[in-house]
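Undergrad: This is the content of entry08.txt (compact mmCIF, C-alpha atoms and all ligand atoms):
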# COMPACT_ATOMS: atom_id res chain seq x y z
CA MET A 818 -161.01 63.79 173.06
CA ASP A 819 -161.11 64.36 169.29
CA VAL A 820 -157.79 64.93 167.56
CA TYR A 821 -157.46 67.04 164.44
CA GLY A 822 -154.35 68.46 162.86
CA LEU A 823 -152.25 69.53 159.94
CA ILE A 824 -149.57 67.69 158.00
CA GLY A 825 -147.11 69.80 156.07
CA ASN A 826 -143.43 70.51 155.86
CA PRO A 827 -142.79 73.06 157.26
CA VAL A 828 -145.82 73.71 159.52
CA GLU A 829 -144.32 75.76 162.36
CA HIS A 830 -145.83 79.08 161.18
CA SER A 831 -149.30 77.68 160.46
CA LEU A 832 -152.27 79.76 161.58
CA SER A 833 -154.60 76.75 161.59
CA PRO A 834 -153.97 75.57 165.21
CA PRO A 835 -155.08 78.83 166.91
CA MET A 836 -157.98 79.23 164.48
CA HIS A 837 -159.39 75.73 165.04
CA GLU A 838 -158.71 75.67 168.78
CA ALA A 839 -160.58 78.96 169.16
CA GLY A 840 -163.50 77.20 167.50
CA TYR A 841 -163.36 74.22 169.91
CA GLU A 842 -163.17 76.56 172.87
CA ALA A 843 -166.13 78.67 171.71
CA LEU A 844 -168.30 75.54 171.34
CA ASP A 845 -166.83 73.83 174.41
CA LEU A 846 -165.73 70.82 172.34
CA ASP A 847 -163.28 68.30 173.79
CA ALA A 848 -160.86 68.50 170.88
CA ARG A 849 -157.26 69.46 170.04
CA TYR A 850 -155.58 70.57 166.81
CA VAL A 851 -151.93 69.58 166.43
CA THR A 852 -149.28 69.91 163.71
CA PHE A 853 -147.29 67.05 162.18
CA GLU A 854 -144.21 67.42 159.99
CA PRO A 855 -143.50 64.10 158.23
CA ALA A 856 -140.62 63.72 155.76
CA ALA A 857 -141.47 65.21 152.38
CA ASP A 858 -141.91 61.77 150.75
CA ALA A 859 -144.00 60.27 153.57
CA GLY A 860 -147.45 61.78 152.91
CA ALA A 861 -149.20 58.48 152.20
CA GLU A 862 -147.55 56.82 155.23
CA ALA A 863 -148.66 59.72 157.42
CA ILE A 864 -152.29 59.21 156.33
CA ALA A 865 -152.10 55.47 157.07
CA ALA A 866 -150.54 56.20 160.47
CA ALA A 867 -153.19 58.80 161.34
CA ASP A 868 -155.90 56.32 160.39
CA THR A 869 -154.33 53.63 162.61
CA LEU A 870 -154.04 56.07 165.52
CA ALA A 871 -157.71 57.09 165.13
CA VAL A 872 -156.93 60.73 164.37
CA ASP A 873 -160.29 62.31 163.46
CA GLY A 874 -159.29 64.79 160.76
CA LEU A 875 -156.26 66.28 159.05
CA ASN A 876 -155.60 69.34 156.96
CA VAL A 877 -152.94 68.89 154.34
CA THR A 878 -150.52 71.48 153.02
CA ILE A 879 -147.32 71.72 150.95
CA PRO A 880 -145.75 69.35 149.90
CA PHE A 881 -148.36 66.66 150.58
CA LYS A 882 -151.51 67.69 148.68
CA GLN A 883 -150.74 65.45 145.68
CA ASP A 884 -149.52 62.35 147.59
CA VAL A 885 -152.46 62.52 149.96
CA PHE A 886 -154.87 62.81 147.03
CA GLU A 887 -153.64 59.38 145.94
CA ALA A 888 -153.83 57.90 149.45
CA VAL A 889 -157.50 58.74 150.17
CA GLU A 890 -160.88 58.42 148.53
CA PRO A 891 -161.44 61.91 147.08
CA ALA A 892 -164.89 63.53 147.19
CA PRO A 893 -166.19 64.57 143.73
CA LEU A 894 -165.01 68.22 143.88
CA ALA A 895 -161.55 67.22 145.18
CA GLU A 896 -161.40 64.63 142.40
CA ARG A 897 -162.00 67.31 139.75
CA ILE A 898 -159.53 69.74 141.35
CA GLY A 899 -156.97 66.95 141.69
CA ALA A 900 -155.83 67.93 145.19
CA VAL A 901 -156.92 67.33 148.77
CA ASN A 902 -156.43 69.75 151.67
CA THR A 903 -158.73 68.10 154.22
CA VAL A 904 -159.05 64.44 155.24
CA ASP A 905 -161.93 63.01 157.24
CA PHE A 906 -161.27 59.70 159.01
CA SER A 907 -164.80 59.05 160.32
CA GLY A 908 -165.75 56.52 157.60
CA GLU A 909 -164.42 53.12 156.58
CA THR A 910 -161.64 54.69 154.51
CA PRO A 911 -160.06 58.18 154.75
CA ARG A 912 -162.02 60.60 152.57
CA GLY A 913 -160.38 63.63 150.96
CA TYR A 914 -161.90 67.05 150.40
CA ASN A 915 -160.72 70.33 148.92
CA THR A 916 -162.06 73.20 151.02
CA ASP A 917 -160.09 75.95 149.19
CA ALA A 918 -162.82 76.17 146.53
CA VAL A 919 -165.61 76.59 149.08
CA GLY A 920 -163.31 78.86 151.12
CA ALA A 921 -163.12 81.37 148.26
CA VAL A 922 -166.85 81.13 147.53
CA ARG A 923 -167.82 81.65 151.19
CA ALA A 924 -165.28 84.50 151.60
CA LEU A 925 -166.93 86.35 148.70
CA ALA A 926 -170.45 85.52 149.94
CA HIS A 927 -169.55 86.87 153.41
CA HIS A 928 -168.95 90.24 151.70
CA ASP A 929 -172.29 90.06 149.85
CA VAL A 930 -170.57 89.57 146.52
CA LYS A 931 -173.07 88.17 144.00
CA LEU A 932 -171.56 85.18 142.23
CA GLU A 933 -173.10 86.00 138.86
CA GLY A 934 -171.58 87.03 135.55
CA THR A 935 -167.88 86.71 134.79
CA ALA A 936 -165.01 85.84 137.14
CA VAL A 937 -161.37 86.28 136.23
CA VAL A 938 -159.06 83.87 138.06
CA VAL A 939 -155.39 84.86 137.86
CA GLY A 940 -153.17 81.83 138.38
CA ALA A 941 -153.47 78.18 137.40
CA GLY A 942 -151.61 76.46 140.26
CA GLY A 943 -153.26 74.71 143.21
CA ALA A 944 -155.31 77.70 144.40
CA GLY A 945 -156.23 78.70 140.84
CA ARG A 946 -157.55 75.21 140.08
CA ALA A 947 -159.69 75.13 143.24
CA VAL A 948 -161.11 78.63 142.77
CA ALA A 949 -161.83 78.12 139.05
CA PHE A 950 -163.89 74.98 139.79
CA GLY A 951 -165.56 76.63 142.80
CA LEU A 952 -166.74 79.71 140.89
CA ALA A 953 -167.81 77.71 137.81
CA ASP A 954 -169.90 75.47 140.09
CA GLU A 955 -171.63 78.66 141.32
CA GLY A 956 -172.61 79.34 137.71
CA MET A 957 -170.02 82.01 136.89
CA ALA A 958 -168.32 82.26 133.49
CA VAL A 959 -164.67 81.72 134.44
CA ARG A 960 -161.74 83.29 132.61
CA ILE A 961 -158.36 81.93 133.73
CA ALA A 962 -155.23 84.04 133.12
CA ASN A 963 -151.79 82.70 133.94
CA ARG A 964 -148.16 83.72 133.39
CA THR A 965 -147.69 80.39 131.61
CA ALA A 966 -150.70 80.70 129.30
CA SER A 967 -150.65 77.01 128.30
CA LYS A 968 -151.41 76.02 131.91
CA ALA A 969 -154.45 78.31 131.90
CA THR A 970 -155.68 76.76 128.64
CA THR A 971 -155.21 73.23 129.97
CA LEU A 972 -157.12 74.04 133.16
CA ALA A 973 -159.86 75.88 131.26
CA ALA A 974 -160.51 72.75 129.20
CA GLU A 975 -161.45 70.93 132.44
CA VAL A 976 -163.70 73.65 133.89
CA ASP A 977 -167.26 74.10 132.55
CA GLY A 978 -167.47 77.08 130.17
CA ALA A 979 -164.01 78.43 131.11
CA THR A 980 -161.43 80.01 128.79
CA GLY A 981 -157.64 80.21 129.24
CA HIS A 982 -155.41 83.26 128.65
CA GLY A 983 -152.04 84.86 129.25
CA LEU A 984 -151.63 87.80 131.63
CA ASP A 985 -151.57 90.20 128.63
CA ASP A 986 -155.32 89.65 128.19
CA LEU A 987 -156.16 90.96 131.68
CA ASP A 988 -157.16 94.48 130.55
CA ASP A 989 -159.71 93.08 128.10
CA LEU A 990 -160.94 90.30 130.37
CA LEU A 991 -161.52 92.56 133.37
CA ALA A 992 -163.45 95.23 131.43
CA ASP A 993 -166.56 92.99 131.49
CA ALA A 994 -165.90 91.08 134.72
CA GLU A 995 -167.68 91.21 138.09
CA VAL A 996 -165.22 89.19 140.17
CA LEU A 997 -161.40 88.95 140.20
CA VAL A 998 -159.47 86.44 142.30
CA ASN A 999 -155.68 86.53 142.51
CA CYS A 1000 -154.48 82.95 142.91
CA THR A 1001 -150.81 83.63 142.15
CA SER A 1002 -148.19 84.08 144.85
CA VAL A 1003 -147.38 87.57 143.49
CA GLY A 1004 -147.70 90.12 146.28
CA MET A 1005 -146.45 87.75 148.97
CA GLU A 1006 -142.71 88.35 148.88
CA GLU A 1007 -142.70 91.88 147.53
CA ASP A 1008 -145.03 94.82 146.97
CA ALA A 1009 -146.04 93.61 143.49
CA THR A 1010 -149.27 92.77 141.67
CA PRO A 1011 -150.05 90.50 138.70
CA VAL A 1012 -152.90 92.80 137.56
CA PRO A 1013 -152.36 96.17 135.81
CA GLU A 1014 -153.85 99.04 137.81
CA SER A 1015 -155.54 100.30 134.64
CA ALA A 1016 -157.66 97.12 134.42
CA LEU A 1017 -159.37 97.63 137.80
CA HIS A 1018 -162.73 99.37 138.11
CA GLY A 1019 -165.51 100.13 140.58
CA ASP A 1020 -167.86 97.33 139.44
CA LEU A 1021 -165.35 94.65 140.45
CA SER A 1022 -165.12 92.60 143.62
CA VAL A 1023 -161.53 91.53 144.21
CA LEU A 1024 -160.37 88.62 146.39
CA ASP A 1025 -156.63 88.16 146.88
CA ALA A 1026 -155.72 84.62 148.00
CA VAL A 1027 -152.44 86.02 149.33
CA TYR A 1028 -152.90 86.66 153.07
CA SER A 1029 -149.41 87.72 154.08
CA PRO A 1030 -149.30 90.66 153.94
CA ILE A 1031 -152.99 91.08 154.61
CA GLU A 1032 -153.15 94.26 152.53
CA THR A 1033 -151.51 93.50 149.20
CA ARG A 1034 -150.72 95.95 146.46
CA LEU A 1035 -153.56 94.44 144.39
CA LEU A 1036 -156.07 95.15 147.16
CA ARG A 1037 -154.74 98.71 147.59
CA ASP A 1038 -155.07 99.33 143.84
CA ALA A 1039 -158.55 97.76 143.79
CA ASP A 1040 -159.67 99.90 146.71
CA ALA A 1041 -158.38 103.04 144.95
CA ALA A 1042 -160.37 102.04 141.84
CA GLY A 1043 -163.56 101.80 143.95
CA ALA A 1044 -163.77 97.99 143.87
CA THR A 1045 -165.02 95.83 146.75
CA THR A 1046 -162.01 94.13 148.35
CA VAL A 1047 -161.76 90.82 150.21
CA ASP A 1048 -158.42 89.89 151.77
CA GLY A 1049 -156.91 86.40 151.72
CA ALA A 1050 -157.49 85.82 155.43
CA TRP A 1051 -161.22 85.47 154.65
CA MET A 1052 -160.45 82.62 152.25
CA LEU A 1053 -158.10 81.06 154.79
CA LEU A 1054 -160.79 81.42 157.45
CA TYR A 1055 -163.55 79.85 155.38
CA GLN A 1056 -161.44 76.91 154.15
CA GLY A 1057 -160.87 76.22 157.87
CA VAL A 1058 -164.53 76.79 158.75
CA GLU A 1059 -165.54 74.32 156.05
CA ALA A 1060 -163.12 71.67 157.42
CA PHE A 1061 -164.31 72.38 161.00
CA GLU A 1062 -167.95 71.82 160.00
CA LEU A 1063 -167.16 68.72 157.99
CA TRP A 1064 -165.28 67.12 160.90
CA THR A 1065 -167.42 68.16 163.87
CA GLY A 1066 -170.88 68.35 162.26
CA GLU A 1067 -171.36 71.67 164.12
CA THR A 1068 -171.91 75.13 162.69
CA ALA A 1069 -168.51 76.77 163.11
CA PRO A 1070 -168.19 79.80 165.42
CA VAL A 1071 -166.91 81.98 162.58
CA GLU A 1072 -166.44 85.12 164.68
CA ALA A 1073 -164.24 83.39 167.27
CA MET A 1074 -162.16 81.66 164.60
CA ASN A 1075 -161.77 84.92 162.65
CA ARG A 1076 -160.63 86.79 165.76
CA ALA A 1077 -158.01 84.14 166.58
CA LEU A 1078 -156.73 84.12 163.00
CA ARG A 1079 -156.49 87.90 162.62
CA ALA A 1080 -154.79 88.28 165.99
CA ARG A 1081 -151.86 86.36 164.50
CA LEU A 1082 -151.61 88.01 161.08
P1 LIG A 1101 -148.74 77.24 143.10
O1 LIG A 1101 -149.50 75.99 142.85
O2 LIG A 1101 -147.26 77.18 143.25
O3 LIG A 1101 -149.09 78.26 141.90
C1 LIG A 1101 -148.44 79.49 141.80
C2 LIG A 1101 -149.16 80.36 140.75
O4 LIG A 1101 -148.55 81.67 140.81
C3 LIG A 1101 -148.99 79.88 139.32
O5 LIG A 1101 -150.15 80.20 138.59
C4 LIG A 1101 -147.79 80.69 138.83
O6 LIG A 1101 -147.75 80.89 137.43
C5 LIG A 1101 -148.06 82.01 139.51
N1 LIG A 1101 -146.86 82.84 139.67
C6 LIG A 1101 -145.80 82.61 140.50
N2 LIG A 1101 -144.90 83.61 140.38
C7 LIG A 1101 -145.39 84.49 139.45
C8 LIG A 1101 -144.93 85.71 138.90
N3 LIG A 1101 -143.75 86.25 139.29
N4 LIG A 1101 -145.71 86.35 138.00
C9 LIG A 1101 -146.90 85.82 137.61
N5 LIG A 1101 -147.40 84.66 138.09
C10 LIG A 1101 -146.65 84.00 139.00
O7 LIG A 1101 -149.25 77.98 144.41
P2 LIG A 1101 -150.72 77.91 145.06
O8 LIG A 1101 -150.77 76.80 146.04
O9 LIG A 1101 -151.71 77.95 143.95
O10 LIG A 1101 -150.74 79.27 145.90
C11 LIG A 1101 -150.81 80.54 145.27
C12 LIG A 1101 -151.04 81.61 146.33
O11 LIG A 1101 -152.32 81.42 146.92
C13 LIG A 1101 -150.02 81.59 147.48
O12 LIG A 1101 -149.71 82.91 147.84
C14 LIG A 1101 -150.78 80.91 148.60
O13 LIG A 1101 -150.34 81.32 149.90
C15 LIG A 1101 -152.19 81.41 148.34
N6 LIG A 1101 -153.23 80.54 148.88
C16 LIG A 1101 -154.09 81.10 149.79
C17 LIG A 1101 -155.12 80.33 150.31
C18 LIG A 1101 -156.05 80.97 151.30
O14 LIG A 1101 -156.78 80.24 151.96
N7 LIG A 1101 -156.06 82.29 151.42
C19 LIG A 1101 -155.28 78.99 149.93
C20 LIG A 1101 -154.38 78.45 148.99
C21 LIG A 1101 -153.36 79.23 148.48
P3 LIG A 1101 -146.96 79.84 136.49
O15 LIG A 1101 -147.89 78.70 136.27
O16 LIG A 1101 -146.70 80.61 135.23
O17 LIG A 1101 -145.69 79.43 137.20
Mind converting the file's structure to structure tokens?
Ligand code: NAP
TA:
Amino acid sequence: MDVYGLIGNPVEHSLSPPMHEAGYEALDLDARYVTFEPAADAGAEAIAAADTLAVDGLNVTIPFKQDVFEAVEPAPLAERIGAVNTVDFSGETPRGYNTDAVGAVRALAHHDVKLEGTAVVVGAGGAGRAVAFGLADEGMAVRIANRTASKATTLAAEVDGATGHGLDDLDDLLADAEVLVNCTSVGMEEDATPVPESALHGDLSVLDAVYSPIETRLLRDADAAGATTVDGAWMLLYQGVEAFELWTGETAPVEAMNRALRARL
């Protein structure tokens, strides 16, 4: 039996176990997906222990993404992003990947969004970093806007062709943009949005990384403005699909995994 799982603290509300197990069931794979909750300072030890116990793959969430990055050999994209959310133990040494970037790209592609022109990424934390690199690698001109503008400028200096801004620039930035991705946590705790309603328009495709609630105020506003909307569960799904495919070598049963995920949101 293959063993995959998630390390995080806390992990009890994670949607990854039902999503991955639905995938194993659909493909009749002899595999399980379990959650582990090591102490907050024990990320590197957890990776070493998983390697010793011949665990096949691990997802990594808060607060371990940084510690685990240092405990594995990061793949080139994870190296640039500076964080790892997926570890593969099939080689000589544990190898770290960041599937959030590909998750956002595949979520947009699933909705036939053309990744051409300008993308505005709001947020410069973990998700913002991953999505900025992911969209730039697709050839998009990336504009990063963040509450703390200096963080956006610092990130932009690392991403090919990107520029960094404060949130006050959003009206101007979005006027010429094709894609908008919210990578802040705004909209999660309360019915709020980091993007002024006036900046949204019908030529935009809008992905909100926030998936709880599934319909955020940003997505409601975007829909009212005639934009294409993509909810955060699609990004969550495709970061999991990417990890599933990396670990198993199989094409993931996306429909089955999506059904299992949405049944729990
Ligand atoms: P993070 O590293 O803590 O970054 C948080 C970001 O939100 C920063 O850019 C921060 O700006 C901004 N922010 C926080 N409160 C704000 C406010 N009141 N007004 C304006 N900006 C604010 O978090 P993260 O890991 O990037 O996660 C961000 C969101 O993405 C979370 O909701 C998370 O659940 C979601 N996410 C979803 C997926 C998915 O698969 N769907 C994957 C990863 C993350 P400052 O720099 O100014 O503090």
Undergrad: My list of candidates is A:Gly983, A:Gly951, A:Gly1004, A:Pro1013. Which is closest to Leu925 (chain A) when distances are computed with all atoms listed in the file?
TA: A:Gly951
Undergrad: Interatomic distance between atom C2 of ligand LIG 1101 (chain A) and CA of Asp1025 (chain A)?
TA: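 It comes out at 12.4 Å.
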Undergrad: Determine the nearest neighbour of Val1027 (chain A) from the options A:Asp905, A:Glu995, A:Glu1007, A:Glu1067, counting all atoms listed in the file.
TA: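 Comparing A:Asp905, A:Glu995, A:Glu1007, A:Glu1067 against Val1027 (chain A), the winner is A:Glu1007.
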Undergrad: Taking all atoms listed in the file and a cut-off of 7 Å, can you tell me which residues surround ligand LIG 1101 (chain A), written as number ranges by chain?
TA: A: 917, 920, 940-945, 963-965, 968, 1000-1003, 1005, 1011, 1026-1028, 1049-1054, 1056
Undergrad: For Leu1036 (chain A), find every residue with an atom within 10 Å (counting all atoms listed in the file), except residues of its own chain fewer than 4 positions away, and show them as a VMD selection string.
TA: chain A and resid 999 1004 1010 1023 to 1025 1031 to 1032 1040 to 1042 1044 to 1049
Undergrad: What is the distance between CA of Gly822 (chain A) and CA of Arg849 (chain A), in Å to one decimal?
TA: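 Calculated distance between CA of Gly822 (chain A) and CA of Arg849 (chain A) is 7.8 Å.
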Undergrad: Need to verify the contact set: region 866-883 of chain A, 7 Å, all atoms listed in the file, exclusion of same-chain residues closer than 4 positions in sequence. Can you return it as a VMD selection string?
TA: chain A and resid 819 to 826 857 860 862 887 900 to 907 1064
Undergrad: Near Glu955 (chain A), counting only C-alpha atoms, which residues have an atom at most 9 Å away, once you skip same-chain residues fewer than 4 positions from it, shown as a count of residues only?
TA: 5
Undergrad: What's the separation between CA of Glu896 (chain A) and CA of Asn915 (chain A), in Å to one decimal place?
TA: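 Distance between the two atoms: 8.7 Å.
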Undergrad: Go through A:Ala861, A:Leu952, A:Ala1080, A:Val828 one by one, measure the shortest atom-to-atom distance of each to Leu894 (chain A) using only C-alpha atoms, and give the residue with the smallest value.
TA: A:Leu952
Undergrad: Between A:Leu832, A:Val976, A:Met957, A:Ala843, which one has atoms that come closest to Pro1070 (chain A), using all atoms listed in the file?
TA: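 Distance minimum relative to Pro1070 (chain A) lands on A:Ala843.
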Undergrad: Identify which of the residues A:Gly1019, A:Gly956, A:Pro1030, A:Gly913 lies closest to Leu1063 (chain A), counting all atoms listed in the file when measuring atom-to-atom distances.
TA: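 Closest to Leu1063 (chain A) of all the choices is A:Gly913.
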Undergrad: Could you check which of A:Glu890, A:Asp884, A:Asp985, A:Asp977 is closest to Asp858 (chain A), using all atoms listed in the file?
TA: A:Asp884
Undergrad: If I wrap all listed atoms of region 1026-1033 of chain A in a box with edges along x, y and z and add 3 Å on each side, what are its centre and edge lengths in Å to one decimal, as JSON?
TA:
{"center_x": -152.5, "center_y": 89.4, "center_z": 151.3, "size_x": 12.4, "size_y": 15.6, "size_z": 12.6}
Undergrad: Could you list, as JSON, numbers by chain, every residue within 6 Å of Val959 (chain A), counting all atoms listed in the file and ignoring same-chain residues fewer than 4 positions away?
TA: {"A": [935, 936, 937, 979]}
Undergrad: Take the residues from that selection and write them out as a PDB file, in the coordinates of the input, keeping C-alpha atoms.
TA:
ATOM      1  CA  THR A 935    -167.880  86.710 134.790  1.00  0.00           C
ATOM      2  CA  ALA A 936    -165.010  85.840 137.140  1.00  0.00           C
ATOM      3  CA  VAL A 937    -161.370  86.280 136.230  1.00  0.00           C
ATOM      4  CA  ALA A 979    -164.010  78.430 131.110  1.00  0.00           C
TER       5      ALA A 979
END
Undergrad: What's the 12 Å shell around His830 (chain A), counting all atoms listed in the file, without same-chain residues fewer than 4 positions away, as a PDB file with C-alpha atoms, in the coordinates of the input?
TA:
ATOM      1  CA  LEU A 823    -152.250  69.530 159.940  1.00  0.00           C
ATOM      2  CA  GLY A 825    -147.110  69.800 156.070  1.00  0.00           C
ATOM      3  CA  ASN A 826    -143.430  70.510 155.860  1.00  0.00           C
ATOM      4  CA  PRO A 834    -153.970  75.570 165.210  1.00  0.00           C
ATOM      5  CA  PRO A 835    -155.080  78.830 166.910  1.00  0.00           C
ATOM      6  CA  THR A 852    -149.280  69.910 163.710  1.00  0.00           C
ATOM      7  CA  GLU A 854    -144.210  67.420 159.990  1.00  0.00           C
ATOM      8  CA  SER A1029    -149.410  87.720 154.080  1.00  0.00           C
ATOM      9  CA  ARG A1081    -151.860  86.360 164.500  1.00  0.00           C
ATOM     10  CA  LEU A1082    -151.610  88.010 161.080  1.00  0.00           C
TER      11      LEU A1082
END
